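Enquirer: So I've got this file, my_file-v8.tsv, and it contains TSV, N, CA, C and O atoms:
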chain	number	residue	atom	x	y	z
A	1347	MET	N	115.79	111.35	60.86
A	1347	MET	CA	115.53	110.14	61.60
A	1347	MET	C	114.52	109.25	60.88
A	1347	MET	O	114.59	108.04	61.00
A	1348	SER	N	113.61	109.86	60.17
A	1348	SER	CA	112.61	109.06	59.46
A	1348	SER	C	113.25	108.22	58.35
A	1348	SER	O	112.76	107.14	58.04
A	1349	PHE	N	114.35	108.71	57.78
A	1349	PHE	CA	115.05	107.94	56.77
A	1349	PHE	C	115.57	106.63	57.35
A	1349	PHE	O	115.45	105.58	56.74
A	1350	ILE	N	116.16	106.70	58.54
A	1350	ILE	CA	116.69	105.50	59.19
A	1350	ILE	C	115.57	104.54	59.53
A	1350	ILE	O	115.68	103.33	59.33
A	1351	LEU	N	114.47	105.07	60.06
A	1351	LEU	CA	113.36	104.21	60.43
A	1351	LEU	C	112.69	103.57	59.22
A	1351	LEU	O	112.25	102.42	59.28
A	1352	ASN	N	112.62	104.28	58.12
A	1352	ASN	CA	112.00	103.73	56.92
A	1352	ASN	C	112.89	102.73	56.20
A	1352	ASN	O	112.40	101.84	55.52
A	1353	ASN	N	114.19	102.87	56.34
A	1353	ASN	CA	115.14	102.03	55.61
A	1353	ASN	C	116.01	101.19	56.53
A	1353	ASN	O	117.15	100.87	56.20
A	1354	CYS	N	115.49	100.80	57.69
A	1354	CYS	CA	116.32	100.08	58.65
A	1354	CYS	C	116.66	98.66	58.16
A	1354	CYS	O	117.76	98.17	58.42
A	1355	MET	N	115.77	98.02	57.45
A	1355	MET	CA	116.07	96.68	56.95
A	1355	MET	C	117.13	96.74	55.84
A	1355	MET	O	117.99	95.87	55.76
A	1356	ALA	N	117.06	97.77	55.01
A	1356	ALA	CA	118.09	97.93	53.98
A	1356	ALA	C	119.45	98.21	54.61
A	1356	ALA	O	120.48	97.71	54.13
A	1357	THR	N	119.45	98.97	55.69
A	1357	THR	CA	120.70	99.24	56.40
A	1357	THR	C	121.29	97.96	56.97
A	1357	THR	O	122.50	97.74	56.90
A	1358	SER	N	120.45	97.10	57.52
A	1358	SER	CA	120.97	95.85	58.07
A	1358	SER	C	121.50	94.93	56.97
A	1358	SER	O	122.47	94.21	57.17
A	1359	ILE	N	120.88	94.97	55.79
A	1359	ILE	CA	121.38	94.18	54.67
A	1359	ILE	C	122.74	94.69	54.23
A	1359	ILE	O	123.64	93.91	53.89
A	1360	ILE	N	122.94	95.99	54.26
A	1360	ILE	CA	124.25	96.57	53.93
A	1360	ILE	C	125.29	96.12	54.94
A	1360	ILE	O	126.43	95.80	54.56
A	1361	PHE	N	124.92	96.05	56.22
A	1361	PHE	CA	125.85	95.54	57.24
A	1361	PHE	C	126.23	94.09	56.94
A	1361	PHE	O	127.41	93.71	57.06
A	1362	VAL	N	125.27	93.28	56.53
A	1362	VAL	CA	125.56	91.87	56.23
A	1362	VAL	C	126.49	91.74	55.03
A	1362	VAL	O	127.45	90.97	55.06
A	1363	LEU	N	126.21	92.49	53.99
A	1363	LEU	CA	127.08	92.44	52.80
A	1363	LEU	C	128.49	92.91	53.13
A	1363	LEU	O	129.47	92.32	52.66
A	1364	THR	N	128.60	93.95	53.94
A	1364	THR	CA	129.91	94.43	54.36
A	1364	THR	C	130.64	93.38	55.18
A	1364	THR	O	131.85	93.19	55.05
A	1365	LEU	N	129.90	92.66	56.03
A	1365	LEU	CA	130.52	91.60	56.82
A	1365	LEU	C	131.08	90.51	55.92
A	1365	LEU	O	132.21	90.06	56.13
A	1366	PHE	N	130.32	90.09	54.92
A	1366	PHE	CA	130.81	89.03	54.04
A	1366	PHE	C	131.99	89.49	53.19
A	1366	PHE	O	132.89	88.70	52.90
A	1367	VAL	N	132.02	90.74	52.83
A	1367	VAL	CA	133.18	91.28	52.12
A	1367	VAL	C	134.41	91.29	53.03
A	1367	VAL	O	135.51	90.92	52.61
A	1368	SER	N	134.22	91.67	54.29
A	1368	SER	CA	135.36	91.68	55.21
A	1368	SER	C	135.83	90.26	55.50
A	1368	SER	O	137.02	90.03	55.71
A	1369	ILE	N	134.92	89.30	55.52
A	1369	ILE	CA	135.34	87.90	55.69
A	1369	ILE	C	136.13	87.44	54.46
A	1369	ILE	O	137.14	86.74	54.58
A	1370	ALA	N	135.70	87.85	53.28
A	1370	ALA	CA	136.39	87.45	52.06
A	1370	ALA	C	137.81	88.00	52.01
A	1370	ALA	O	138.71	87.35	51.47
A	1371	PHE	N	138.02	89.19	52.58
A	1371	PHE	CA	139.35	89.78	52.60
A	1371	PHE	C	140.13	89.46	53.87
A	1371	PHE	O	141.16	90.07	54.15
A	1372	ASN	N	139.64	88.51	54.68
A	1372	ASN	CA	140.29	88.04	55.91
A	1372	ASN	C	140.53	89.16	56.92
A	1372	ASN	O	141.55	89.20	57.60
A	1373	LYS	N	139.59	90.07	57.04
A	1373	LYS	CA	139.64	91.13	58.05
A	1373	LYS	C	138.82	90.69	59.25
A	1373	LYS	O	137.62	90.90	59.33
A	1374	ARG	N	139.48	90.04	60.21
A	1374	ARG	CA	138.77	89.44	61.33
A	1374	ARG	C	138.17	90.48	62.26
A	1374	ARG	O	137.02	90.37	62.66
A	1375	ILE	N	138.95	91.47	62.62
A	1375	ILE	CA	138.48	92.48	63.55
A	1375	ILE	C	137.34	93.28	62.94
A	1375	ILE	O	136.36	93.61	63.61
A	1376	ALA	N	137.45	93.57	61.66
A	1376	ALA	CA	136.39	94.32	60.98
A	1376	ALA	C	135.09	93.51	60.95
A	1376	ALA	O	134.00	94.07	61.16
A	1377	SER	N	135.19	92.22	60.71
A	1377	SER	CA	133.97	91.41	60.66
A	1377	SER	C	133.33	91.30	62.04
A	1377	SER	O	132.09	91.35	62.16
A	1378	LEU	N	134.13	91.18	63.09
A	1378	LEU	CA	133.57	91.18	64.44
A	1378	LEU	C	132.94	92.54	64.78
A	1378	LEU	O	131.86	92.59	65.37
A	1379	ALA	N	133.60	93.60	64.37
A	1379	ALA	CA	133.06	94.93	64.64
A	1379	ALA	C	131.74	95.16	63.90
A	1379	ALA	O	130.82	95.77	64.44
A	1380	ILE	N	131.64	94.66	62.69
A	1380	ILE	CA	130.41	94.83	61.92
A	1380	ILE	C	129.27	94.04	62.55
A	1380	ILE	O	128.13	94.51	62.61
A	1381	SER	N	129.54	92.85	63.06
A	1381	SER	CA	128.48	92.09	63.71
A	1381	SER	C	128.02	92.77	64.99
A	1381	SER	O	126.82	92.82	65.27
A	1382	PHE	N	128.96	93.34	65.75
A	1382	PHE	CA	128.57	94.10	66.94
A	1382	PHE	C	127.82	95.37	66.55
A	1382	PHE	O	126.86	95.77	67.22
A	1383	LEU	N	128.22	96.00	65.47
A	1383	LEU	CA	127.55	97.21	65.01
A	1383	LEU	C	126.11	96.90	64.58
A	1383	LEU	O	125.20	97.69	64.83
A	1384	THR	N	125.90	95.74	63.99
A	1384	THR	CA	124.56	95.33	63.61
A	1384	THR	C	123.68	95.15	64.84
A	1384	THR	O	122.53	95.59	64.88
A	1385	MET	N	124.24	94.52	65.88
A	1385	MET	CA	123.47	94.36	67.11
A	1385	MET	C	123.18	95.70	67.77
A	1385	MET	O	122.08	95.93	68.27
A	1386	LEU	N	124.15	96.60	67.76
A	1386	LEU	CA	123.93	97.92	68.34
A	1386	LEU	C	122.88	98.71	67.57
A	1386	LEU	O	122.10	99.45	68.16
A	1387	PHE	N	122.85	98.55	66.25
A	1387	PHE	CA	121.83	99.22	65.45
A	1387	PHE	C	120.44	98.70	65.82
A	1387	PHE	O	119.49	99.47	65.95
A	1388	GLY	N	120.32	97.39	66.01
A	1388	GLY	CA	119.05	96.82	66.44
A	1388	GLY	C	118.64	97.31	67.81
A	1388	GLY	O	117.46	97.62	68.06
A	1389	LEU	N	119.60	97.39	68.73
A	1389	LEU	CA	119.30	97.93	70.07
A	1389	LEU	C	118.89	99.39	70.01
A	1389	LEU	O	117.98	99.83	70.73
A	1390	PHE	N	119.54	100.16	69.13
A	1390	PHE	CA	119.16	101.56	68.96
A	1390	PHE	C	117.72	101.67	68.49
A	1390	PHE	O	116.94	102.47	69.03
A	1391	LEU	N	117.34	100.87	67.51
A	1391	LEU	CA	115.96	100.90	67.03
A	1391	LEU	C	114.98	100.52	68.13
A	1391	LEU	O	113.92	101.15	68.29
A	1392	LEU	N	115.31	99.49	68.89
A	1392	LEU	CA	114.44	99.03	69.95
A	1392	LEU	C	114.25	100.10	71.02
A	1392	LEU	O	113.12	100.43	71.40
A	1393	PHE	N	115.34	100.67	71.50
A	1393	PHE	CA	115.25	101.68	72.56
A	1393	PHE	C	114.63	102.97	72.05
A	1393	PHE	O	113.89	103.64	72.78
A	1394	TYR	N	114.90	103.35	70.81
A	1394	TYR	CA	114.31	104.55	70.26
A	1394	TYR	C	112.79	104.41	70.13
A	1394	TYR	O	112.05	105.35	70.41
A	1395	SER	N	112.35	103.23	69.74
A	1395	SER	CA	110.91	103.04	69.62
A	1395	SER	C	110.23	103.04	70.97
A	1395	SER	O	109.09	103.49	71.10
A	1396	PHE	N	110.90	102.56	72.02
A	1396	PHE	CA	110.32	102.63	73.36
A	1396	PHE	C	110.23	104.07	73.85
A	1396	PHE	O	109.26	104.45	74.51
A	1397	ALA	N	111.23	104.88	73.52
A	1397	ALA	CA	111.31	106.23	74.08
A	1397	ALA	C	110.52	107.27	73.30
A	1397	ALA	O	109.88	108.14	73.90
A	1398	LYS	N	110.53	107.22	72.00
A	1398	LYS	CA	110.02	108.34	71.21
A	1398	LYS	C	108.76	108.06	70.41
A	1398	LYS	O	108.05	108.98	70.05
A	1399	ILE	N	108.47	106.81	70.08
A	1399	ILE	CA	107.41	106.50	69.15
A	1399	ILE	C	106.27	105.82	69.91
A	1399	ILE	O	106.49	105.06	70.84
A	1400	SER	N	105.04	106.10	69.49
A	1400	SER	CA	103.90	105.45	70.13
A	1400	SER	C	102.99	104.85	69.06
A	1400	SER	O	103.10	105.16	67.88
A	1401	GLY	N	102.12	103.97	69.48
A	1401	GLY	CA	101.16	103.37	68.58
A	1401	GLY	C	101.72	102.15	67.86
A	1401	GLY	O	102.67	101.51	68.30
A	1402	LEU	N	101.11	101.85	66.73
A	1402	LEU	CA	101.52	100.68	65.97
A	1402	LEU	C	102.86	100.88	65.26
A	1402	LEU	O	103.53	99.91	64.94
A	1403	ASP	N	103.23	102.12	65.04
A	1403	ASP	CA	104.55	102.38	64.46
A	1403	ASP	C	105.65	101.91	65.40
A	1403	ASP	O	106.67	101.39	64.95
A	1404	ALA	N	105.44	102.09	66.69
A	1404	ALA	CA	106.43	101.65	67.67
A	1404	ALA	C	106.56	100.13	67.63
A	1404	ALA	O	107.68	99.59	67.70
A	1405	LEU	N	105.44	99.45	67.51
A	1405	LEU	CA	105.48	97.98	67.45
A	1405	LEU	C	106.24	97.50	66.22
A	1405	LEU	O	107.02	96.55	66.28
A	1406	ASP	N	106.02	98.18	65.10
A	1406	ASP	CA	106.72	97.83	63.86
A	1406	ASP	C	108.23	98.00	64.03
A	1406	ASP	O	109.00	97.10	63.67
A	1407	ILE	N	108.64	99.11	64.57
A	1407	ILE	CA	110.08	99.37	64.75
A	1407	ILE	C	110.67	98.43	65.80
A	1407	ILE	O	111.81	97.96	65.65
A	1408	GLN	N	109.91	98.10	66.84
A	1408	GLN	CA	110.41	97.18	67.85
A	1408	GLN	C	110.65	95.80	67.26
A	1408	GLN	O	111.68	95.16	67.54
A	1409	ILE	N	109.72	95.33	66.45
A	1409	ILE	CA	109.89	94.02	65.82
A	1409	ILE	C	111.09	94.03	64.87
A	1409	ILE	O	111.90	93.09	64.86
A	1410	LYS	N	111.23	95.10	64.10
A	1410	LYS	CA	112.39	95.20	63.21
A	1410	LYS	C	113.69	95.25	64.01
A	1410	LYS	O	114.69	94.64	63.61
A	1411	GLY	N	113.68	95.94	65.14
A	1411	GLY	CA	114.87	96.00	66.00
A	1411	GLY	C	115.24	94.64	66.54
A	1411	GLY	O	116.41	94.26	66.57
A	1412	ILE	N	114.24	93.87	66.97
A	1412	ILE	CA	114.51	92.53	67.48
A	1412	ILE	C	115.03	91.62	66.38
A	1412	ILE	O	115.94	90.82	66.59
A	1413	ILE	N	114.48	91.75	65.18
A	1413	ILE	CA	114.97	90.95	64.05
A	1413	ILE	C	116.42	91.29	63.74
A	1413	ILE	O	117.25	90.41	63.50
A	1414	ILE	N	116.76	92.57	63.77
A	1414	ILE	CA	118.13	92.99	63.47
A	1414	ILE	C	119.09	92.55	64.57
A	1414	ILE	O	120.23	92.16	64.30
A	1415	ILE	N	118.64	92.55	65.82
A	1415	ILE	CA	119.48	92.03	66.91
A	1415	ILE	C	119.76	90.55	66.70
A	1415	ILE	O	120.90	90.09	66.84
A	1416	GLY	N	118.74	89.79	66.33
A	1416	GLY	CA	118.93	88.37	66.04
A	1416	GLY	C	119.86	88.15	64.87
A	1416	GLY	O	120.70	87.24	64.88
A	1417	GLU	N	119.72	88.99	63.86
A	1417	GLU	CA	120.62	88.91	62.71
A	1417	GLU	C	122.06	89.18	63.13
A	1417	GLU	O	122.99	88.49	62.68
A	1418	GLY	N	122.26	90.15	64.00
A	1418	GLY	CA	123.60	90.45	64.50
A	1418	GLY	C	124.19	89.29	65.29
A	1418	GLY	O	125.38	89.00	65.18
A	1419	LEU	N	123.35	88.62	66.08
A	1419	LEU	CA	123.83	87.46	66.82
A	1419	LEU	C	124.21	86.31	65.89
A	1419	LEU	O	125.22	85.63	66.11
A	1420	ILE	N	123.42	86.11	64.86
A	1420	ILE	CA	123.75	85.07	63.87
A	1420	ILE	C	125.06	85.41	63.17
A	1420	ILE	O	125.91	84.55	62.96
A	1421	LEU	N	125.23	86.67	62.82
A	1421	LEU	CA	126.48	87.09	62.17
A	1421	LEU	C	127.67	86.91	63.11
A	1421	LEU	O	128.76	86.54	62.67
A	1422	LEU	N	127.47	87.15	64.39
A	1422	LEU	CA	128.55	86.95	65.37
A	1422	LEU	C	128.95	85.48	65.43
A	1422	LEU	O	130.14	85.16	65.47
A	1423	VAL	N	127.98	84.58	65.40
A	1423	VAL	CA	128.28	83.15	65.42
A	1423	VAL	C	129.01	82.74	64.14
A	1423	VAL	O	129.99	81.99	64.18
A	1424	ILE	N	128.53	83.23	63.00
A	1424	ILE	CA	129.18	82.90	61.72
A	1424	ILE	C	130.62	83.39	61.72
A	1424	ILE	O	131.54	82.67	61.31
A	1425	THR	N	130.84	84.60	62.20
A	1425	THR	CA	132.19	85.15	62.23
A	1425	THR	C	133.08	84.37	63.18
A	1425	THR	O	134.24	84.08	62.86
A	1426	SER	N	132.56	83.98	64.33
A	1426	SER	CA	133.35	83.21	65.30
A	1426	SER	C	133.73	81.84	64.73
A	1426	SER	O	134.87	81.39	64.90
A	1427	VAL	N	132.79	81.19	64.06
A	1427	VAL	CA	133.09	79.89	63.45
A	1427	VAL	C	134.14	80.06	62.36
A	1427	VAL	O	135.09	79.26	62.27
A	1428	PHE	N	134.00	81.09	61.55
A	1428	PHE	CA	134.96	81.33	60.48
A	1428	PHE	C	136.37	81.57	61.04
A	1428	PHE	O	137.34	81.02	60.55
A	1429	ILE	N	136.47	82.36	62.09
A	1429	ILE	CA	137.77	82.65	62.70
A	1429	ILE	C	138.37	81.40	63.31
A	1429	ILE	O	139.57	81.13	63.17
A	1430	SER	N	137.55	80.59	63.99
A	1430	SER	CA	138.08	79.37	64.60
A	1430	SER	C	138.53	78.36	63.54
A	1430	SER	O	139.53	77.67	63.73
A	1431	VAL	N	137.83	78.29	62.41
A	1431	VAL	CA	138.25	77.40	61.33
A	1431	VAL	C	139.56	77.89	60.73
A	1431	VAL	O	140.46	77.08	60.44
A	1432	GLN	N	139.70	79.19	60.58
A	1432	GLN	CA	140.96	79.74	60.06
A	1432	GLN	C	142.12	79.43	60.99
A	1432	GLN	O	143.21	79.07	60.54
A	1433	GLU	N	141.91	79.57	62.29
A	1433	GLU	CA	142.97	79.29	63.25
A	1433	GLU	C	143.32	77.80	63.27
A	1433	GLU	O	144.48	77.44	63.42
A	1434	ALA	N	142.33	76.95	63.10
A	1434	ALA	CA	142.62	75.51	63.06
A	1434	ALA	C	143.42	75.16	61.82
A	1434	ALA	O	144.31	74.29	61.88
A	1435	LYS	N	143.14	75.79	60.71
A	1435	LYS	CA	143.92	75.55	59.50
A	1435	LYS	C	145.35	76.03	59.66
A	1435	LYS	O	146.28	75.40	59.16
A	1436	LYS	N	145.55	77.16	60.36
A	1436	LYS	CA	146.91	77.66	60.57
A	1436	LYS	C	147.73	76.72	61.45
A	1436	LYS	O	148.91	76.55	61.24
A	1437	LYS	N	147.09	76.11	62.44
A	1437	LYS	CA	147.80	75.21	63.34
A	1437	LYS	C	148.21	73.92	62.64
A	1437	LYS	O	149.23	73.34	62.98
A	1438	THR	N	147.39	73.46	61.69
A	1438	THR	CA	147.74	72.23	61.00
A	1438	THR	C	148.83	72.44	59.96
A	1438	THR	O	149.53	71.50	59.59
A	1439	LEU	N	148.96	73.65	59.46
A	1439	LEU	CA	150.00	73.92	58.47
A	1439	LEU	C	151.26	74.23	59.16
A	1439	LEU	O	152.25	73.93	59.28
Would it be possible to restate this file's structure as structure tokens?
Expert:
Amino acid sequence: MSFILNNCMATSIIFVLTLFVSIAFNKRIASLAISFLTMLFGLFLLFYSFAKISGLDALDIQIKGIIIIGEGLILLVITSVFISVQEAKKKTL
């Protein structure tokens, strides 16, 4: 568990890179799933820090969890815009 807590920001960056790769290959469902997975990872960090960790370490993990949740929401918006633009292009063709 300490590996995940120490490398949570690197894990979220891997989620972002995977999302952009799935967008490049036009995998819509995969990109939506990755954005939801990013938000769930942030929620996991947030709830785990409330339940198991105390002191300033908990505050650090909580802030990182909130940042990752925000990142997941931004990725969800980017994915939704990308999908809607793709659908608009299909309708015009």
Enquirer: Which residue gives the smallest distance to Leu1389 (chain A) among A:Asn1372, A:Leu1421, A:Leu1439, A:Ile1414, with only N, CA, C and O atoms counted?
Expert: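 Counting only N, CA, C and O atoms, the residue closest to Leu1389 (chain A) is A:Ile1414.
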Enquirer: What gap, in Å, lies between CA of Arg1374 (chain A) and CA of Thr1357 (chain A)?
Expert: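 About the pair CA of Arg1374 (chain A) and CA of Thr1357 (chain A): they are 21.1 Å apart.
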Enquirer: Could you tell me how far CA of Met1355 (chain A) lies from CA of Lys1373 (chain A), in Å and to one decimal?
Expert: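 Going from CA of Met1355 (chain A) over to CA of Lys1373 (chain A) covers 24.2 Å.
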Enquirer: Between CA of Met1385 (chain A) and CA of Phe1349 (chain A), what is the spacing in Å?
Expert: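 Value for the CA of Phe1349 (chain A)-CA of Met1385 (chain A) distance: 19.0 Å.
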Enquirer: Which of these residues is nearest to Gly1411 (chain A), using all atoms listed in the file: A:Phe1371, A:Phe1366, A:Phe1428, A:Phe1393?
Expert: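 The closest residue to Gly1411 (chain A) is A:Phe1393.
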Enquirer: Contacts of Phe1390 (chain A) at 8 Å or less, counting only N, CA, C and O atoms, minus same-chain residues fewer than 6 places along, as a PyMOL selection string?
Expert: chain A and resi 1383-1384+1396-1397+1407+1411
Enquirer: With N, CA, C and O atoms retained, write the just-selected residues as a PDB file, keeping the file's coordinate frame.
Expert:
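Writing the result to again12.pdb gives the following:
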ATOM      1  N   LEU A1383     128.220  96.000  65.470  1.00  0.00           N
ATOM      2  CA  LEU A1383     127.550  97.210  65.010  1.00  0.00           C
ATOM      3  C   LEU A1383     126.110  96.900  64.580  1.00  0.00           C
ATOM      4  O   LEU A1383     125.200  97.690  64.830  1.00  0.00           O
ATOM      5  N   THR A1384     125.900  95.740  63.990  1.00  0.00           N
ATOM      6  CA  THR A1384     124.560  95.330  63.610  1.00  0.00           C
ATOM      7  C   THR A1384     123.680  95.150  64.840  1.00  0.00           C
ATOM      8  O   THR A1384     122.530  95.590  64.880  1.00  0.00           O
ATOM      9  N   PHE A1396     110.900 102.560  72.020  1.00  0.00           N
ATOM     10  CA  PHE A1396     110.320 102.630  73.360  1.00  0.00           C
ATOM     11  C   PHE A1396     110.230 104.070  73.850  1.00  0.00           C
ATOM     12  O   PHE A1396     109.260 104.450  74.510  1.00  0.00           O
ATOM     13  N   ALA A1397     111.230 104.880  73.520  1.00  0.00           N
ATOM     14  CA  ALA A1397     111.310 106.230  74.080  1.00  0.00           C
ATOM     15  C   ALA A1397     110.520 107.270  73.300  1.00  0.00           C
ATOM     16  O   ALA A1397     109.880 108.140  73.900  1.00  0.00           O
ATOM     17  N   ILE A1407     108.640  99.110  64.570  1.00  0.00           N
ATOM     18  CA  ILE A1407     110.080  99.370  64.750  1.00  0.00           C
ATOM     19  C   ILE A1407     110.670  98.430  65.800  1.00  0.00           C
ATOM     20  O   ILE A1407     111.810  97.960  65.650  1.00  0.00           O
ATOM     21  N   GLY A1411     113.680  95.940  65.140  1.00  0.00           N
ATOM     22  CA  GLY A1411     114.870  96.000  66.000  1.00  0.00           C
ATOM     23  C   GLY A1411     115.240  94.640  66.540  1.00  0.00           C
ATOM     24  O   GLY A1411     116.410  94.260  66.570  1.00  0.00           O
TER      25      GLY A1411
END
Enquirer: With a distance cut-off of 9 Å and only C-alpha atoms, select the neighbouring residues of Leu1405 (chain A), excluding the residue or stretch itself and same-chain residues fewer than 5 positions from it, and output the selection as an NGL selection string.
Expert: :A and (1395-1396 or 1399-1400 or 1410)
Enquirer: Store the residues of this selection in a file with N, CA, C and O atoms, as a PDB file, keeping the file's coordinate frame.
Expert:
ATOM      1  N   SER A1395     112.350 103.230  69.740  1.00  0.00           N
ATOM      2  CA  SER A1395     110.910 103.040  69.620  1.00  0.00           C
ATOM      3  C   SER A1395     110.230 103.040  70.970  1.00  0.00           C
ATOM      4  O   SER A1395     109.090 103.490  71.100  1.00  0.00           O
ATOM      5  N   PHE A1396     110.900 102.560  72.020  1.00  0.00           N
ATOM      6  CA  PHE A1396     110.320 102.630  73.360  1.00  0.00           C
ATOM      7  C   PHE A1396     110.230 104.070  73.850  1.00  0.00           C
ATOM      8  O   PHE A1396     109.260 104.450  74.510  1.00  0.00           O
ATOM      9  N   ILE A1399     108.470 106.810  70.080  1.00  0.00           N
ATOM     10  CA  ILE A1399     107.410 106.500  69.150  1.00  0.00           C
ATOM     11  C   ILE A1399     106.270 105.820  69.910  1.00  0.00           C
ATOM     12  O   ILE A1399     106.490 105.060  70.840  1.00  0.00           O
ATOM     13  N   SER A1400     105.040 106.100  69.490  1.00  0.00           N
ATOM     14  CA  SER A1400     103.900 105.450  70.130  1.00  0.00           C
ATOM     15  C   SER A1400     102.990 104.850  69.060  1.00  0.00           C
ATOM     16  O   SER A1400     103.100 105.160  67.880  1.00  0.00           O
ATOM     17  N   LYS A1410     111.230  95.100  64.100  1.00  0.00           N
ATOM     18  CA  LYS A1410     112.390  95.200  63.210  1.00  0.00           C
ATOM     19  C   LYS A1410     113.690  95.250  64.010  1.00  0.00           C
ATOM     20  O   LYS A1410     114.690  94.640  63.610  1.00  0.00           O
TER      21      LYS A1410
END
Enquirer: Which of these residues is nearest to Ile1380 (chain A), using only C-alpha atoms: A:Ser1348, A:Asp1403, A:Asn1353, A:Thr1425?
Expert: A:Thr1425
Enquirer: Measuring between only N, CA, C and O atoms, which one of A:Ile1424, A:Leu1351, A:Leu1378, A:Leu1363 shows the shortest distance to Leu1391 (chain A)?
Expert: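 Of the candidates, the smallest distance to Leu1391 (chain A) is held by A:Leu1351.
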Enquirer: Just want the 6 Å neighbourhood of Ser1377 (chain A), counted on only N, CA, C and O atoms, with same-chain residues fewer than 4 positions away dropped. Output as a list in words.
Expert: Leu1365, Ser1368, Ile1369, Lys1373, Ser1381, Phe1382 and Leu1421 of chain A
